[in-house]
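**Student:** Data file work-v4.txt (compact mmCIF, C-alpha atoms) is appended below.
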```txt
# COMPACT_ATOMS: atom_id res chain seq x y z
CA MET S 371 0.00 0.00 0.00
CA THR S 372 1.37 3.39 -0.86
CA GLN S 373 1.43 6.16 1.63
CA SER S 374 -0.24 9.39 0.46
CA ILE S 375 0.92 12.83 1.55
CA PRO S 376 -1.76 14.80 3.30
CA ARG S 377 -2.91 17.49 0.87
CA LEU S 378 -4.18 19.99 3.40
CA PRO S 379 -0.77 20.98 4.86
CA ALA S 380 0.73 21.22 1.34
CA LEU S 381 -2.08 23.48 0.21
CA GLY S 382 -1.59 25.67 3.29
CA LEU S 383 2.10 26.01 2.48
CA VAL S 384 1.34 27.11 -1.10
CA VAL S 385 -1.18 29.69 0.10
CA ALA S 386 1.26 31.05 2.69
CA LEU S 387 4.03 31.40 0.09
CA ALA S 388 1.68 33.16 -2.34
CA ALA S 389 0.64 35.61 0.40
CA LEU S 390 4.28 36.41 1.16
CA VAL S 391 5.06 37.05 -2.50
CA LEU S 392 2.04 39.35 -2.88
CA ALA S 393 2.89 41.24 0.31
CA ALA S 394 6.40 41.94 -0.99
CA LEU S 395 5.14 43.58 -4.21
CA PRO S 396 4.65 47.37 -4.15
CA SER S 397 1.04 48.50 -4.11
CA ALA S 398 -0.42 50.68 -6.86
CA ALA S 399 -0.81 53.56 -4.39
CA SER S 400 2.84 53.59 -3.44
CA ALA S 401 3.93 53.29 -7.07
CA SER S 402 2.12 56.53 -7.98
CA ASP S 403 3.00 58.42 -4.80
CA LYS S 404 4.26 61.96 -5.46
CA ASP S 405 6.98 63.73 -3.52
CA CYS S 406 8.03 67.39 -3.54
CA ALA S 407 11.02 66.48 -5.73
CA ASP S 408 8.56 65.42 -8.44
CA PHE S 409 7.51 69.07 -8.99
CA ALA S 410 9.56 71.79 -10.69
CA SER S 411 8.03 74.54 -8.54
CA GLN S 412 6.07 75.10 -5.36
CA ARG S 413 3.15 76.36 -7.46
CA ALA S 414 2.97 73.08 -9.42
CA ALA S 415 3.03 71.11 -6.17
CA GLN S 416 0.36 73.31 -4.54
CA ILE S 417 -2.02 73.00 -7.48
CA PHE S 418 -1.54 69.21 -7.54
CA PHE S 419 -2.07 69.16 -3.75
CA LEU S 420 -5.33 71.12 -4.05
CA LYS S 421 -6.62 69.02 -6.95
CA HIS S 422 -6.05 65.85 -4.92
CA GLY S 423 -7.90 66.80 -1.74
CA GLY S 424 -5.66 69.31 -0.01
CA PRO S 425 -5.70 70.82 2.49
CA GLN S 426 -8.38 68.54 3.99
CA ARG S 427 -6.67 65.39 2.68
CA ASP S 428 -2.99 64.93 1.93
CA PRO S 429 -2.59 61.41 0.52
CA HIS S 430 0.85 62.24 -0.91
CA ARG S 431 2.11 63.91 2.29
CA LEU S 432 3.18 67.09 0.47
CA ASP S 433 2.26 69.38 3.39
CA GLY S 434 4.72 68.38 6.09
CA ASP S 435 3.63 70.97 8.68
CA ASP S 436 -0.15 70.78 8.02
CA ASP S 437 -0.49 74.49 7.24
CA GLY S 438 -2.27 73.92 3.92
CA VAL S 439 0.77 74.78 1.79
CA ALA S 440 2.57 72.03 -0.09
CA CYS S 441 6.32 71.77 -0.72
CA GLU S 442 7.28 75.13 0.77
CA ASP S 443 10.98 74.51 0.09
CA ASN S 444 10.48 74.05 -3.66
CA PRO S 445 11.60 76.98 -5.85
CA CYS S 446 9.12 79.61 -7.01
CA PRO S 447 6.91 80.45 -8.83
CA CYS S 448 4.86 79.94 -5.70
CA TYR S 449 1.17 79.70 -4.86
CA TYR S 450 0.24 79.78 -1.17
CA LYS S 451 -3.55 79.99 -1.41
CA LYS S 452 -5.71 77.16 -0.16
CA ARG S 453 -8.06 77.05 -3.13
CA LEU S 454 -7.42 76.44 -6.80
CA PRO S 455 -6.73 79.52 -8.91
CA ARG S 456 -9.40 80.66 -11.28
CA SER S 457 -8.84 79.49 -14.79
CA ALA S 458 -7.02 81.90 -17.07
CA PRO S 459 -9.22 84.21 -19.12
CA ARG S 460 -10.14 82.77 -22.47
CA VAL S 461 -7.90 83.94 -25.27
CA LEU S 462 -9.88 85.00 -28.30
CA ALA S 463 -8.88 83.90 -31.76
CA TRP S 464 -8.22 86.69 -34.25
CA ARG S 465 -11.45 85.75 -36.12
CA GLU S 466 -13.46 86.58 -32.99
CA LEU S 467 -11.97 90.06 -32.85
CA VAL S 468 -12.80 91.02 -36.44
CA VAL S 469 -16.20 92.65 -36.88
CA PHE S 470 -17.78 91.89 -40.21
CA PRO S 471 -20.58 94.08 -41.58
CA PRO S 472 -24.00 92.44 -41.49
CA THR S 473 -25.04 90.81 -44.74
CA ALA S 474 -28.70 91.69 -44.33
CA SER S 475 -30.50 94.62 -42.80
CA PRO S 476 -31.92 94.09 -39.30
CA PRO S 477 -35.58 93.05 -39.12
CA ALA S 478 -38.09 95.86 -38.65
```
What is this structure when it is put down as structure tokens?
**Tutor:**
Amino acid sequence: MTQSIPRLPALGLVVALAALVLAALPSAASASDKDCADFASQRAAQIFFLKHGGPQRDPHRLDGDDDGVACEDNPCPCYYKKRLPRSAPRVLAWRELVVFPPTASPPA
């Protein structure tokens, strides 16, 4: 009669090894984590910080002293406000600046 190896302990060993391998892999969150060195200026870091939940949330830990300003040691241009800047005014195309005479007379 042949002796069979119990399958339950072997299966447990495989599961434990798989869990260790998965735990050693970097998570998606840590792979996309931003640091102050990732930004050319303080302004770029502050705008990224505000777009991603700052100052209420700081998932990238860009505001080391919790004052609502990210990456204060980065070079300027700087932006210290705690809300996103208004979008730049719309630039008109040259066609929008030219006034053409009406082709028909206005209705009476």
**Student:** In Å, how far is it from CA of Lys451 (chain S) to CA of Ser402 (chain S)?
**Tutor:** 25.0 Å
**Student:** CA of Asp437 (chain S) and CA of Ser457 (chain S) are how many Å apart?
**Tutor:**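 These atoms are spaced 24.1 Å apart.
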**Student:** May I ask for the distance between CA of Pro447 (chain S) and CA of Ala415 (chain S), given in Å to one decimal place?
**Tutor:**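 Value for the CA of Pro447 (chain S)-CA of Ala415 (chain S) distance: 10.5 Å.
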**Student:** Could you check the closest approach to Leu454 (chain S) for each of S:Leu420, S:Ala414, S:Cys441, S:Ala407 and tell me which residue wins, using all atoms listed in the file?
**Tutor:**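 Ranked by minimum distance to Leu454 (chain S), first place goes to S:Leu420.
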**Student:** For a quick check of understanding, using only C-alpha atoms, which of S:Gln412, S:Asn444, S:Lys404, S:Arg456 has the smallest distance to Pro429 (chain S)?
**Tutor:**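 Closest to Pro429 (chain S), using only C-alpha atoms: S:Lys404.
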**Student:** Excluding Gln416 (chain S) and its own-chain neighbours fewer than 2 positions away, which residues fall within 9 Å of it when counting all atoms listed in the file? Please give them as a VMD selection string.
**Tutor:** chain S and resid 411 to 414 418 to 421 424 432 438 to 442 448 to 452 454
**Student:** Would you mind telling me which residue in S:Asp443, S:Asp403, S:Asp435, S:Asp408 lies nearest to His422 (chain S) when using all atoms listed in the file?
**Tutor:**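 Going through S:Asp443, S:Asp403, S:Asp435, S:Asp408 one by one, the smallest distance to His422 (chain S) is for S:Asp403.
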**Student:** Working from the structure I just supplied, which lacks atoms in region 419-451 of chain S, can you model N, CA and C atoms there and output them as a PDB file, in the frame of the given file?
**Tutor:**
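Okay, this is what ended up in result.pdb:
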```pdb
ATOM      1  N   PHE S 419      -1.593  69.396  -5.122  1.00  0.00           N
ATOM      2  CA  PHE S 419      -2.070  69.160  -3.750  1.00  0.00           C
ATOM      3  C   PHE S 419      -3.549  69.517  -3.628  1.00  0.00           C
ATOM      4  N   LEU S 420      -3.940  70.683  -4.142  1.00  0.00           N
ATOM      5  CA  LEU S 420      -5.330  71.120  -4.050  1.00  0.00           C
ATOM      6  C   LEU S 420      -6.253  70.266  -4.909  1.00  0.00           C
ATOM      7  N   LYS S 421      -5.792  69.851  -6.079  1.00  0.00           N
ATOM      8  CA  LYS S 421      -6.620  69.020  -6.950  1.00  0.00           C
ATOM      9  C   LYS S 421      -6.822  67.621  -6.387  1.00  0.00           C
ATOM     10  N   HIS S 422      -5.960  67.202  -5.472  1.00  0.00           N
ATOM     11  CA  HIS S 422      -6.050  65.850  -4.920  1.00  0.00           C
ATOM     12  C   HIS S 422      -6.469  65.843  -3.453  1.00  0.00           C
ATOM     13  N   GLY S 423      -7.284  66.845  -3.063  1.00  0.00           N
ATOM     14  CA  GLY S 423      -7.900  66.800  -1.740  1.00  0.00           C
ATOM     15  C   GLY S 423      -7.351  67.743  -0.710  1.00  0.00           C
ATOM     16  N   GLY S 424      -6.243  68.411  -0.999  1.00  0.00           N
ATOM     17  CA  GLY S 424      -5.660  69.310  -0.010  1.00  0.00           C
ATOM     18  C   GLY S 424      -6.493  70.555   0.178  1.00  0.00           C
ATOM     19  N   PRO S 425      -6.449  71.173   1.289  1.00  0.00           N
ATOM     20  CA  PRO S 425      -5.700  70.820   2.490  1.00  0.00           C
ATOM     21  C   PRO S 425      -6.423  69.849   3.418  1.00  0.00           C
ATOM     22  N   GLN S 426      -7.667  69.469   3.097  1.00  0.00           N
ATOM     23  CA  GLN S 426      -8.380  68.540   3.990  1.00  0.00           C
ATOM     24  C   GLN S 426      -7.738  67.157   3.977  1.00  0.00           C
ATOM     25  N   ARG S 427      -7.319  66.700   2.816  1.00  0.00           N
ATOM     26  CA  ARG S 427      -6.670  65.390   2.680  1.00  0.00           C
ATOM     27  C   ARG S 427      -5.301  65.599   2.058  1.00  0.00           C
ATOM     28  N   ASP S 428      -4.339  64.833   2.476  1.00  0.00           N
ATOM     29  CA  ASP S 428      -2.990  64.930   1.930  1.00  0.00           C
ATOM     30  C   ASP S 428      -2.436  63.521   1.698  1.00  0.00           C
ATOM     31  N   PRO S 429      -3.007  62.793   0.715  1.00  0.00           N
ATOM     32  CA  PRO S 429      -2.590  61.410   0.520  1.00  0.00           C
ATOM     33  C   PRO S 429      -1.128  61.257   0.103  1.00  0.00           C
ATOM     34  N   HIS S 430      -0.543  62.312  -0.463  1.00  0.00           N
ATOM     35  CA  HIS S 430       0.850  62.240  -0.910  1.00  0.00           C
ATOM     36  C   HIS S 430       1.824  62.838   0.114  1.00  0.00           C
ATOM     37  N   ARG S 431       1.300  63.328   1.210  1.00  0.00           N
ATOM     38  CA  ARG S 431       2.110  63.910   2.290  1.00  0.00           C
ATOM     39  C   ARG S 431       3.016  65.025   1.769  1.00  0.00           C
ATOM     40  N   LEU S 432       2.429  65.963   1.013  1.00  0.00           N
ATOM     41  CA  LEU S 432       3.180  67.090   0.470  1.00  0.00           C
ATOM     42  C   LEU S 432       3.226  68.269   1.426  1.00  0.00           C
ATOM     43  N   ASP S 433       2.337  68.282   2.416  1.00  0.00           N
ATOM     44  CA  ASP S 433       2.260  69.380   3.390  1.00  0.00           C
ATOM     45  C   ASP S 433       2.788  68.860   4.728  1.00  0.00           C
ATOM     46  N   GLY S 434       4.081  68.962   4.912  1.00  0.00           N
ATOM     47  CA  GLY S 434       4.720  68.380   6.090  1.00  0.00           C
ATOM     48  C   GLY S 434       4.314  69.007   7.410  1.00  0.00           C
ATOM     49  N   ASP S 435       3.967  70.303   7.412  1.00  0.00           N
ATOM     50  CA  ASP S 435       3.630  70.970   8.680  1.00  0.00           C
ATOM     51  C   ASP S 435       2.138  71.247   8.821  1.00  0.00           C
ATOM     52  N   ASP S 436       1.319  70.679   7.952  1.00  0.00           N
ATOM     53  CA  ASP S 436      -0.150  70.780   8.020  1.00  0.00           C
ATOM     54  C   ASP S 436      -0.658  72.222   8.053  1.00  0.00           C
ATOM     55  N   ASP S 437      -0.002  73.112   7.300  1.00  0.00           N
ATOM     56  CA  ASP S 437      -0.490  74.490   7.240  1.00  0.00           C
ATOM     57  C   ASP S 437      -1.265  74.783   5.960  1.00  0.00           C
ATOM     58  N   GLY S 438      -1.496  73.746   5.139  1.00  0.00           N
ATOM     59  CA  GLY S 438      -2.270  73.920   3.920  1.00  0.00           C
ATOM     60  C   GLY S 438      -1.441  74.321   2.719  1.00  0.00           C
ATOM     61  N   VAL S 439      -0.122  74.399   2.887  1.00  0.00           N
ATOM     62  CA  VAL S 439       0.770  74.780   1.790  1.00  0.00           C
ATOM     63  C   VAL S 439       1.716  73.614   1.525  1.00  0.00           C
ATOM     64  N   ALA S 440       1.745  73.175   0.289  1.00  0.00           N
ATOM     65  CA  ALA S 440       2.570  72.030  -0.090  1.00  0.00           C
ATOM     66  C   ALA S 440       3.966  72.458  -0.524  1.00  0.00           C
ATOM     67  N   CYS S 441       4.951  71.654  -0.192  1.00  0.00           N
ATOM     68  CA  CYS S 441       6.320  71.770  -0.720  1.00  0.00           C
ATOM     69  C   CYS S 441       6.888  73.189  -0.617  1.00  0.00           C
ATOM     70  N   GLU S 442       6.857  73.742   0.569  1.00  0.00           N
ATOM     71  CA  GLU S 442       7.280  75.130   0.770  1.00  0.00           C
ATOM     72  C   GLU S 442       8.750  75.377   0.437  1.00  0.00           C
ATOM     73  N   ASP S 443       9.572  74.342   0.408  1.00  0.00           N
ATOM     74  CA  ASP S 443      10.980  74.510   0.090  1.00  0.00           C
ATOM     75  C   ASP S 443      11.275  74.417  -1.395  1.00  0.00           C
ATOM     76  N   ASN S 444      10.272  74.084  -2.210  1.00  0.00           N
ATOM     77  CA  ASN S 444      10.480  74.050  -3.660  1.00  0.00           C
ATOM     78  C   ASN S 444      10.664  75.470  -4.176  1.00  0.00           C
ATOM     79  N   PRO S 445      11.384  75.629  -5.296  1.00  0.00           N
ATOM     80  CA  PRO S 445      11.600  76.980  -5.850  1.00  0.00           C
ATOM     81  C   PRO S 445      10.304  77.574  -6.384  1.00  0.00           C
ATOM     82  N   CYS S 446      10.260  78.899  -6.429  1.00  0.00           N
ATOM     83  CA  CYS S 446       9.120  79.610  -7.010  1.00  0.00           C
ATOM     84  C   CYS S 446       9.210  79.520  -8.519  1.00  0.00           C
ATOM     85  N   PRO S 447       8.099  79.727  -9.243  1.00  0.00           N
ATOM     86  CA  PRO S 447       6.910  80.450  -8.830  1.00  0.00           C
ATOM     87  C   PRO S 447       6.142  79.700  -7.751  1.00  0.00           C
ATOM     88  N   CYS S 448       5.544  80.495  -6.870  1.00  0.00           N
ATOM     89  CA  CYS S 448       4.860  79.940  -5.700  1.00  0.00           C
ATOM     90  C   CYS S 448       3.382  80.297  -5.712  1.00  0.00           C
ATOM     91  N   TYR S 449       2.610  79.486  -5.010  1.00  0.00           N
ATOM     92  CA  TYR S 449       1.170  79.700  -4.860  1.00  0.00           C
ATOM     93  C   TYR S 449       0.812  79.209  -3.463  1.00  0.00           C
ATOM     94  N   TYR S 450       0.483  80.147  -2.567  1.00  0.00           N
ATOM     95  CA  TYR S 450       0.240  79.780  -1.170  1.00  0.00           C
ATOM     96  C   TYR S 450      -1.242  79.736  -0.786  1.00  0.00           C
ATOM     97  N   LYS S 451      -2.123  79.990  -1.745  1.00  0.00           N
ATOM     98  CA  LYS S 451      -3.550  79.990  -1.410  1.00  0.00           C
ATOM     99  C   LYS S 451      -4.048  78.571  -1.215  1.00  0.00           C
TER     100      LYS S 451
END
```
